[in-house]
Every structure is written in C-alpha cells, then in structure tokens.
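Asker: Supplied in structure tokens, the structure appears directly below.
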There are 2 protein chains.
Amino acid sequence: MTYSIAQAAARSGLSIDTLRYYERIGLVEPPARDSGGRRDYSDEDLGWLAFLTRLRTTGMPIRMMREYAQLRHRGVGSTARRRQILVEHRAGVRERIAELQSCLEVLDYKITNYELVERNLPLAAELSVEAS
Amino acid sequence: MTYSIAQAAARSGLSIDTLRYYERIGLVEPPARDSGGRRDYSDEDLGWLAFLTRLRTTGMPIRMMREYAQLRHRGVGSTARRRQILVEHRAGVRERIAELQSCLEVLDYKITNYELVERNLPLAAELSVEAS
DNA sequence: ACTTGACCTGGAGTGCACTCCAGCTCCTAC
DNA sequence: GTAGGAGCTGGAGTGCACTCCAGGTCAAGT
C-alpha cells in the first residue's frame, strides 16, 4: 500500500508542508516517487511518521529526533544509543507529567476558590481572590 | 517585604529580562519603584508571578494569560469569566496529561524492544527494530 | 573622585517549528 | 486540447516567547 502526500498528511496528522519540511531537514528519508515524480509514502514511512509524532507530542526537539533518525539509518550498531535517547526522553516525559499534575492541583484550588466566592461570599471577593 | 528584580527572578524562576518583558506586555502590573527608580517587587507581586508561571508551565499562551491578567485587574465583576478560563484550561491540561501518558506507553514498548534486542537477539535486530 | 555592580530604557536579534508563496509540471476528465 | 486539481521546488515569511544589546543612571565602597 502506498499513499500520496495528502493521504500521508491525513494519516499522520501532519500538514503537507510539514511532511516536506521533515524530509528537507533529514527527519524522514525521502519517500519513493511515482512515475510523475510525486511522493509515494509506504506503510513503513507512515509507521516512522507515527512514531515521530509521538516524540514531537512529548516535546522532543527536532534536533534530537534528527539524531535518532540518523542513528536508525546507521543500523544495528546504534541501538544502544537509541535506547539511551528514549530512556532519557522518557524520564523527561515523566517529569513533565508530574509537573503538570502539580499545576493541576493549583488550578483546582483556584477554581474551587472562585466557586466559593461566587456562591457564598460575593462581597468578600475582592479580599479573598484578588490577593493571588 | 520587597525584592529587587534579581531576587524576584530568583524566586520566580524567570529571568530578569523575562520579568521586564512580562511587564511590558501587560502580564504584570508595573511594580513599585525604590528611590533610585528600581523595581521593588512585593510579596503580592511574587504571588502573582508564581501563579503565572504555573499557567505558563501548563502551556497557556501569553495572550490568554494577558486576558486573565486584565480581568483580574478589572475586579470582582470578572470572576465568572476568570473561573471559566481556568476551567477550560484545566480541561486542556488533563487532556495533555492523558496524551503524554499514552505516548509513554509507546516509549515503554520501544525501549523494551531495544532491551530485548540487545540482550537476546543481536542478529535479529535489523528485522525486529528497524521496522518501526 | 572614581570604580564597580546592579539596574534602567528602547529596540534589535534569536531559535524553534512550521507555514506560505510563486511559478512550475503532471495527470485526468470533459 | 484544454481546464482543473494535486503535487513539485526553492526560498521567504510567520508567530511565539523570550533574550540580548548599547548606552545610560544611580548608590555604595575605597
């Protein structure tokens, strides 16, 4: 199965421009071309794009994704380094989740506060909410 | 208690430049000045900065933080809208956490895969890892 | 008096990750 | 055979959130 750039964009959730951009900067190998010179993405290409979008979603900077891509291209000898990159990245993602969860608590507190103010103490709002 | 800009930066985790930048774009009210014209941050200023950094950490864009800041400045009449902003933002943060957690699973899978390959099947690496 | 260091201002510059554009080439359908 | 639509290239432009800089002021120490 092969896919036009529009189909690849639809399936990966990236824009057509972004697909070409990723190719230009070496994040993805240039896909095959059809007889008219158009890109023909394979299932494997899409699989790699899917993984890349996971890395992006989790905030990996493009230069690191590129390092990973180049290691992958290099083959078996680079698996240790690739694993290391993923392990370090995973640690970062876990930290990020913890950070977000701690911020959630603050949001909860704030929201509860607003609700209390609106329901019971409309005249005390200036004092109890504006302070923070 | 008041704080120099350097102290405010240290306590908020923002840079001095960022503090001045936030003031310029209306995210924070201009703090008091000392006799020499230097910024003198109050505890209340620092409290607001602390909350702002929570919003930033959770990915709220600056233009929305500014809207929130302006509502806050407007006083009691804006609490409903402020609460609404926080509630919507909280929903976004929760989604983001869920998204990260789903990506974590993919990372776990990949890492496990690499570990298996490195320990048991060094010669099969090309087949089992390169595919994705 | 003079050096030092923190702070001031307005404005320019940076890095990231796209996103858009002009002008072109194909293929398909009428 | 021609009009339309998808895709192509190289390069320029965008939005965001800072970050840096030049040239100046001010207060304290020596």
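Residues are referred to by chain and number: the chain letter is A, B, ... according to the order shown in the structure tokens, the number counts from 1 in that chain, and ligands are numbered separately from 1 in the order shown.
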Can you check which residues of chain B have any atom within 10 Å of chain D? Use only C-alpha atoms (C1' of nucleotides) and format it as a PyMOL selection string.
Answerer: chain B and resi 15+17-18+21-22+35-38+61-62
Asker: Please identify all residues of chain C having at least one atom at most 10 Å from any atom of chain B, considering only C-alpha atoms (C1' of nucleotides), and return them as a PyMOL selection string.
Answerer: chain C and resi 6-8
Asker: From a DSSP pass on the backbone, collect the residues of stretch 26-113 of chain B flagged as alpha helix (DSSP H) and hand them back as a PyMOL selection string.
Answerer: chain B and resi 43-57+62-74+79-113
Asker: Least-squares superpose chain B onto chain A - every C-alpha atom, paired in order - and show me the moved coordinates as a short mmCIF file (atom, residue, chain, number, x, y, z; two decimals) with N, CA and C atoms, in the first residue's frame.
Answerer:
data_model
loop_
_atom_site.label_atom_id
_atom_site.label_comp_id
_atom_site.auth_asym_id
_atom_site.auth_seq_id
_atom_site.Cartn_x
_atom_site.Cartn_y
_atom_site.Cartn_z
N MET B 1 0.85 -1.20 0.01
CA MET B 1 0.01 0.01 0.01
C MET B 1 0.87 1.26 0.00
N THR B 2 0.55 2.20 -0.87
CA THR B 2 1.27 3.48 -0.85
C THR B 2 0.27 4.62 -0.72
N TYR B 3 0.80 5.78 -0.40
CA TYR B 3 -0.05 6.93 -0.05
C TYR B 3 0.50 8.19 -0.67
N SER B 4 -0.39 9.01 -1.17
CA SER B 4 0.02 10.33 -1.66
C SER B 4 0.39 11.19 -0.45
N ILE B 5 0.99 12.32 -0.72
CA ILE B 5 1.38 13.18 0.39
C ILE B 5 0.15 13.65 1.16
N ALA B 6 -0.95 13.86 0.45
CA ALA B 6 -2.18 14.29 1.13
C ALA B 6 -2.69 13.19 2.06
N GLN B 7 -2.61 11.96 1.60
CA GLN B 7 -3.05 10.84 2.45
C GLN B 7 -2.11 10.65 3.64
N ALA B 8 -0.83 10.78 3.36
CA ALA B 8 0.13 10.65 4.45
C ALA B 8 -0.11 11.74 5.49
N ALA B 9 -0.43 12.93 5.02
CA ALA B 9 -0.71 14.03 5.95
C ALA B 9 -1.94 13.71 6.79
N ALA B 10 -2.98 13.23 6.12
CA ALA B 10 -4.21 12.92 6.84
C ALA B 10 -3.96 11.83 7.89
N ARG B 11 -3.20 10.84 7.52
CA ARG B 11 -2.99 9.72 8.45
C ARG B 11 -2.03 10.07 9.59
N SER B 12 -1.08 10.94 9.30
CA SER B 12 -0.08 11.24 10.34
C SER B 12 -0.52 12.41 11.21
N GLY B 13 -1.46 13.17 10.71
CA GLY B 13 -1.86 14.36 11.46
C GLY B 13 -0.93 15.55 11.24
N LEU B 14 0.05 15.37 10.37
CA LEU B 14 0.94 16.48 10.02
C LEU B 14 0.41 17.16 8.77
N SER B 15 0.84 18.38 8.53
CA SER B 15 0.42 19.03 7.30
C SER B 15 1.32 18.61 6.15
N ILE B 16 0.86 18.83 4.96
CA ILE B 16 1.66 18.52 3.78
C ILE B 16 2.98 19.28 3.83
N ASP B 17 2.89 20.53 4.19
CA ASP B 17 4.10 21.33 4.29
C ASP B 17 5.06 20.76 5.32
N THR B 18 4.51 20.30 6.41
CA THR B 18 5.38 19.76 7.45
C THR B 18 6.05 18.48 6.99
N LEU B 19 5.34 17.67 6.24
CA LEU B 19 5.95 16.45 5.70
C LEU B 19 7.15 16.79 4.82
N ARG B 20 6.97 17.77 3.97
CA ARG B 20 8.09 18.15 3.09
C ARG B 20 9.21 18.76 3.91
N TYR B 21 8.83 19.53 4.91
CA TYR B 21 9.82 20.14 5.80
C TYR B 21 10.63 19.07 6.53
N TYR B 22 9.98 18.07 7.05
CA TYR B 22 10.67 16.99 7.76
C TYR B 22 11.65 16.27 6.82
N GLU B 23 11.25 16.14 5.60
CA GLU B 23 12.12 15.48 4.63
C GLU B 23 13.35 16.35 4.37
N ARG B 24 13.13 17.63 4.20
CA ARG B 24 14.22 18.57 3.94
C ARG B 24 15.28 18.56 5.03
N ILE B 25 14.80 18.51 6.27
CA ILE B 25 15.76 18.60 7.38
C ILE B 25 16.28 17.23 7.81
N GLY B 26 15.91 16.20 7.07
CA GLY B 26 16.51 14.89 7.35
C GLY B 26 15.85 14.10 8.45
N LEU B 27 14.61 14.44 8.78
CA LEU B 27 13.90 13.66 9.79
C LEU B 27 13.31 12.40 9.19
N VAL B 28 12.94 12.49 7.96
CA VAL B 28 12.43 11.30 7.27
C VAL B 28 13.24 11.11 5.99
N GLU B 29 13.44 9.87 5.65
CA GLU B 29 14.08 9.56 4.38
C GLU B 29 13.16 9.99 3.25
N PRO B 30 13.72 10.49 2.18
CA PRO B 30 12.85 10.81 1.03
C PRO B 30 12.08 9.58 0.63
N PRO B 31 10.77 9.69 0.54
CA PRO B 31 9.97 8.53 0.15
C PRO B 31 10.14 8.24 -1.34
N ALA B 32 9.63 7.09 -1.75
CA ALA B 32 9.64 6.76 -3.17
C ALA B 32 8.84 7.80 -3.95
N ARG B 33 9.04 7.81 -5.27
CA ARG B 33 8.27 8.71 -6.12
C ARG B 33 7.51 7.89 -7.15
N ASP B 34 6.35 8.38 -7.53
CA ASP B 34 5.62 7.68 -8.58
C ASP B 34 6.14 8.13 -9.95
N SER B 35 5.52 7.65 -11.01
CA SER B 35 6.03 7.93 -12.35
C SER B 35 6.02 9.44 -12.65
N GLY B 36 5.16 10.15 -11.99
CA GLY B 36 5.09 11.58 -12.23
C GLY B 36 5.97 12.40 -11.30
N GLY B 37 6.79 11.74 -10.52
CA GLY B 37 7.70 12.46 -9.62
C GLY B 37 7.08 12.84 -8.29
N ARG B 38 5.90 12.30 -8.00
CA ARG B 38 5.25 12.64 -6.73
C ARG B 38 5.61 11.65 -5.64
N ARG B 39 5.58 12.14 -4.42
CA ARG B 39 5.94 11.28 -3.29
C ARG B 39 4.92 10.16 -3.09
N ASP B 40 5.45 8.99 -2.81
CA ASP B 40 4.64 7.79 -2.63
C ASP B 40 5.04 7.19 -1.28
N TYR B 41 4.31 7.51 -0.24
CA TYR B 41 4.69 7.03 1.08
C TYR B 41 4.29 5.57 1.27
N SER B 42 5.17 4.80 1.89
CA SER B 42 4.88 3.39 2.18
C SER B 42 4.31 3.27 3.59
N ASP B 43 3.81 2.08 3.91
CA ASP B 43 3.33 1.84 5.27
C ASP B 43 4.46 2.02 6.28
N GLU B 44 5.65 1.64 5.88
CA GLU B 44 6.78 1.81 6.78
C GLU B 44 7.04 3.30 7.03
N ASP B 45 6.96 4.08 5.96
CA ASP B 45 7.12 5.53 6.13
C ASP B 45 6.10 6.06 7.13
N LEU B 46 4.87 5.60 6.98
CA LEU B 46 3.82 6.09 7.88
C LEU B 46 4.07 5.65 9.32
N GLY B 47 4.61 4.46 9.47
CA GLY B 47 4.93 3.97 10.82
C GLY B 47 5.97 4.87 11.48
N TRP B 48 6.96 5.21 10.71
CA TRP B 48 8.01 6.10 11.23
C TRP B 48 7.43 7.48 11.55
N LEU B 49 6.58 7.98 10.68
CA LEU B 49 5.93 9.27 10.95
C LEU B 49 5.11 9.21 12.22
N ALA B 50 4.42 8.08 12.41
CA ALA B 50 3.59 7.95 13.62
C ALA B 50 4.46 8.01 14.87
N PHE B 51 5.61 7.35 14.79
CA PHE B 51 6.50 7.38 15.95
C PHE B 51 7.07 8.78 16.14
N LEU B 52 7.46 9.41 15.06
CA LEU B 52 7.97 10.78 15.14
C LEU B 52 6.96 11.70 15.82
N THR B 53 5.70 11.56 15.44
CA THR B 53 4.70 12.45 16.04
C THR B 53 4.56 12.18 17.54
N ARG B 54 4.79 10.95 17.95
CA ARG B 54 4.80 10.68 19.40
C ARG B 54 5.93 11.44 20.06
N LEU B 55 7.09 11.38 19.44
CA LEU B 55 8.23 12.09 20.02
C LEU B 55 7.96 13.60 20.06
N ARG B 56 7.40 14.12 18.98
CA ARG B 56 7.09 15.54 18.95
C ARG B 56 6.07 15.90 20.03
N THR B 57 5.04 15.10 20.11
CA THR B 57 3.98 15.34 21.09
C THR B 57 4.55 15.43 22.50
N THR B 58 5.55 14.61 22.75
CA THR B 58 6.15 14.61 24.07
C THR B 58 7.25 15.65 24.20
N GLY B 59 7.36 16.50 23.19
CA GLY B 59 8.25 17.65 23.33
C GLY B 59 9.70 17.42 22.96
N MET B 60 10.01 16.32 22.30
CA MET B 60 11.40 16.14 21.89
C MET B 60 11.74 17.17 20.82
N PRO B 61 12.84 17.90 21.00
CA PRO B 61 13.21 18.88 19.97
C PRO B 61 13.62 18.19 18.68
N ILE B 62 13.43 18.89 17.61
CA ILE B 62 13.68 18.32 16.30
C ILE B 62 15.12 17.87 16.13
N ARG B 63 16.05 18.62 16.69
CA ARG B 63 17.46 18.21 16.50
C ARG B 63 17.73 16.85 17.16
N MET B 64 17.00 16.52 18.21
CA MET B 64 17.21 15.22 18.84
C MET B 64 16.51 14.12 18.04
N MET B 65 15.34 14.45 17.53
CA MET B 65 14.67 13.48 16.67
C MET B 65 15.54 13.20 15.46
N ARG B 66 16.25 14.22 15.01
CA ARG B 66 17.11 14.01 13.85
C ARG B 66 18.28 13.10 14.20
N GLU B 67 18.82 13.31 15.38
CA GLU B 67 19.90 12.44 15.80
C GLU B 67 19.41 10.98 15.82
N TYR B 68 18.23 10.83 16.40
CA TYR B 68 17.65 9.49 16.47
C TYR B 68 17.45 8.91 15.06
N ALA B 69 16.94 9.74 14.18
CA ALA B 69 16.68 9.29 12.81
C ALA B 69 17.97 8.85 12.13
N GLN B 70 19.03 9.61 12.38
CA GLN B 70 20.30 9.27 11.74
C GLN B 70 20.89 7.98 12.31
N LEU B 71 20.72 7.78 13.60
CA LEU B 71 21.17 6.54 14.22
C LEU B 71 20.43 5.35 13.62
N ARG B 72 19.15 5.54 13.50
CA ARG B 72 18.30 4.49 12.94
C ARG B 72 18.77 4.12 11.54
N HIS B 73 19.11 5.14 10.81
CA HIS B 73 19.59 4.93 9.45
C HIS B 73 20.90 4.15 9.45
N ARG B 74 21.68 4.35 10.52
CA ARG B 74 22.99 3.71 10.59
C ARG B 74 22.89 2.20 10.86
N GLY B 75 21.76 1.79 11.44
CA GLY B 75 21.55 0.35 11.59
C GLY B 75 21.78 -0.20 12.99
N VAL B 76 22.05 -1.48 13.02
CA VAL B 76 22.08 -2.23 14.27
C VAL B 76 23.05 -1.68 15.30
N GLY B 77 24.18 -1.22 14.82
CA GLY B 77 25.21 -0.79 15.77
C GLY B 77 24.80 0.35 16.66
N SER B 78 23.70 0.98 16.33
CA SER B 78 23.33 2.18 17.08
C SER B 78 22.18 1.95 18.05
N THR B 79 21.79 0.71 18.24
CA THR B 79 20.60 0.48 19.08
C THR B 79 20.82 0.91 20.53
N ALA B 80 22.03 0.73 21.03
CA ALA B 80 22.27 1.11 22.43
C ALA B 80 22.06 2.60 22.62
N ARG B 81 22.63 3.36 21.70
CA ARG B 81 22.48 4.82 21.79
C ARG B 81 21.02 5.24 21.60
N ARG B 82 20.35 4.58 20.71
CA ARG B 82 18.93 4.92 20.48
C ARG B 82 18.11 4.62 21.73
N ARG B 83 18.38 3.47 22.31
CA ARG B 83 17.66 3.13 23.53
C ARG B 83 17.93 4.18 24.60
N GLN B 84 19.19 4.58 24.69
CA GLN B 84 19.57 5.58 25.70
C GLN B 84 18.78 6.88 25.49
N ILE B 85 18.68 7.30 24.26
CA ILE B 85 17.93 8.53 23.96
C ILE B 85 16.49 8.38 24.43
N LEU B 86 15.90 7.24 24.12
CA LEU B 86 14.50 7.04 24.50
C LEU B 86 14.34 6.98 26.02
N VAL B 87 15.28 6.33 26.68
CA VAL B 87 15.18 6.21 28.13
C VAL B 87 15.28 7.59 28.78
N GLU B 88 16.22 8.39 28.29
CA GLU B 88 16.35 9.75 28.84
C GLU B 88 15.10 10.58 28.54
N HIS B 89 14.64 10.42 27.34
CA HIS B 89 13.45 11.18 26.97
C HIS B 89 12.25 10.76 27.83
N ARG B 90 12.14 9.48 28.05
CA ARG B 90 11.03 9.00 28.88
C ARG B 90 11.08 9.60 30.28
N ALA B 91 12.29 9.70 30.82
CA ALA B 91 12.42 10.31 32.14
C ALA B 91 11.92 11.75 32.11
N GLY B 92 12.27 12.46 31.03
CA GLY B 92 11.80 13.84 30.89
C GLY B 92 10.29 13.91 30.81
N VAL B 93 9.70 12.98 30.08
CA VAL B 93 8.25 12.98 29.93
C VAL B 93 7.58 12.72 31.29
N ARG B 94 8.15 11.81 32.03
CA ARG B 94 7.58 11.53 33.35
C ARG B 94 7.64 12.75 34.24
N GLU B 95 8.77 13.43 34.20
CA GLU B 95 8.90 14.66 34.99
C GLU B 95 7.85 15.69 34.57
N ARG B 96 7.70 15.78 33.27
CA ARG B 96 6.74 16.75 32.73
C ARG B 96 5.32 16.43 33.21
N ILE B 97 4.99 15.16 33.22
CA ILE B 97 3.66 14.77 33.69
C ILE B 97 3.49 15.15 35.16
N ALA B 98 4.53 14.89 35.92
CA ALA B 98 4.45 15.22 37.35
C ALA B 98 4.27 16.73 37.56
N GLU B 99 4.99 17.49 36.75
CA GLU B 99 4.91 18.94 36.82
C GLU B 99 3.49 19.41 36.48
N LEU B 100 2.94 18.84 35.44
CA LEU B 100 1.58 19.21 35.05
C LEU B 100 0.60 18.84 36.15
N GLN B 101 0.81 17.69 36.75
CA GLN B 101 -0.13 17.28 37.80
C GLN B 101 -0.05 18.22 39.00
N SER B 102 1.15 18.67 39.29
CA SER B 102 1.26 19.60 40.41
C SER B 102 0.57 20.93 40.07
N CYS B 103 0.69 21.35 38.83
CA CYS B 103 0.00 22.57 38.41
C CYS B 103 -1.51 22.37 38.44
N LEU B 104 -1.95 21.17 38.13
CA LEU B 104 -3.39 20.88 38.16
C LEU B 104 -3.95 21.14 39.55
N GLU B 105 -3.19 20.78 40.55
CA GLU B 105 -3.66 21.01 41.91
C GLU B 105 -3.88 22.48 42.19
N VAL B 106 -2.94 23.27 41.70
CA VAL B 106 -3.09 24.72 41.88
C VAL B 106 -4.33 25.22 41.15
N LEU B 107 -4.54 24.72 39.95
CA LEU B 107 -5.73 25.13 39.20
C LEU B 107 -6.99 24.72 39.95
N ASP B 108 -7.01 23.51 40.45
CA ASP B 108 -8.17 23.04 41.21
C ASP B 108 -8.45 23.98 42.38
N TYR B 109 -7.39 24.32 43.06
CA TYR B 109 -7.54 25.19 44.23
C TYR B 109 -8.13 26.54 43.83
N LYS B 110 -7.58 27.10 42.79
CA LYS B 110 -8.04 28.40 42.32
C LYS B 110 -9.51 28.36 41.89
N ILE B 111 -9.84 27.31 41.18
CA ILE B 111 -11.19 27.20 40.65
C ILE B 111 -12.18 27.03 41.81
N THR B 112 -11.83 26.19 42.75
CA THR B 112 -12.68 26.01 43.92
C THR B 112 -12.90 27.34 44.62
N ASN B 113 -11.84 28.06 44.70
CA ASN B 113 -11.89 29.38 45.33
C ASN B 113 -12.88 30.30 44.62
N TYR B 114 -12.79 30.33 43.33
CA TYR B 114 -13.72 31.16 42.57
C TYR B 114 -15.15 30.71 42.78
N GLU B 115 -15.33 29.39 42.83
CA GLU B 115 -16.69 28.89 42.99
C GLU B 115 -17.26 29.27 44.35
N LEU B 116 -16.43 29.17 45.35
CA LEU B 116 -16.88 29.57 46.68
C LEU B 116 -17.26 31.04 46.69
N VAL B 117 -16.39 31.83 46.11
CA VAL B 117 -16.63 33.27 46.08
C VAL B 117 -17.93 33.60 45.36
N GLU B 118 -18.14 32.93 44.23
CA GLU B 118 -19.33 33.26 43.47
C GLU B 118 -20.61 32.81 44.17
N ARG B 119 -20.55 31.69 44.87
CA ARG B 119 -21.77 31.16 45.48
C ARG B 119 -22.11 31.80 46.82
N ASN B 120 -21.09 31.98 47.63
CA ASN B 120 -21.40 32.34 49.02
C ASN B 120 -20.97 33.73 49.47
N LEU B 121 -19.92 34.21 48.89
CA LEU B 121 -19.34 35.41 49.47
C LEU B 121 -19.11 36.50 48.43
N PRO B 122 -20.14 36.82 47.69
CA PRO B 122 -19.91 37.76 46.58
C PRO B 122 -19.23 39.04 47.03
N LEU B 123 -19.51 39.49 48.24
CA LEU B 123 -18.95 40.77 48.67
C LEU B 123 -17.51 40.66 49.17
N ALA B 124 -17.12 39.43 49.47
CA ALA B 124 -15.77 39.24 49.99
C ALA B 124 -14.78 38.92 48.87
N ALA B 125 -15.29 38.94 47.65
CA ALA B 125 -14.47 38.49 46.52
C ALA B 125 -13.16 39.26 46.41
N GLU B 126 -13.24 40.52 46.55
CA GLU B 126 -12.03 41.33 46.38
C GLU B 126 -10.93 40.90 47.35
N LEU B 127 -11.35 40.59 48.54
CA LEU B 127 -10.36 40.19 49.55
C LEU B 127 -9.80 38.80 49.32
N SER B 128 -10.68 37.87 49.06
CA SER B 128 -10.22 36.49 49.07
C SER B 128 -9.65 36.01 47.74
N VAL B 129 -10.00 36.67 46.67
CA VAL B 129 -9.50 36.19 45.39
C VAL B 129 -8.39 37.06 44.83
N GLU B 130 -8.54 38.35 44.97
CA GLU B 130 -7.58 39.23 44.32
C GLU B 130 -6.18 39.07 44.87
N ALA B 131 -6.10 38.54 46.08
CA ALA B 131 -4.78 38.47 46.69
C ALA B 131 -3.79 37.59 45.92
N SER B 132 -4.29 36.65 45.15
CA SER B 132 -3.30 35.81 44.45
C SER B 132 -3.62 35.59 42.98
#
Asker: Just list as a ChimeraX atom specification whatever in stretch 3-126 of chain B DSSP marks as strand (DSSP E).
Answerer: /B:3,32-33,39-42
Asker: Could you write out the selected residues, including C-alpha atoms, as a PDB file, in the first residue's frame?
Answerer:
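Saved file part-v6.pdb follows:
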ATOM      1  CA  TYR B   3      12.509  42.307  46.389  1.00  0.00           C
ATOM      2  CA  ALA B  32       6.655  49.848  42.848  1.00  0.00           C
ATOM      3  CA  ARG B  33       9.974  51.637  42.414  1.00  0.00           C
ATOM      4  CA  ARG B  39      11.702  47.919  40.626  1.00  0.00           C
ATOM      5  CA  ASP B  40      10.620  46.841  44.086  1.00  0.00           C
ATOM      6  CA  TYR B  41       8.534  43.684  43.916  1.00  0.00           C
ATOM      7  CA  SER B  42       6.088  42.985  46.736  1.00  0.00           C
TER       8      SER B  42
END
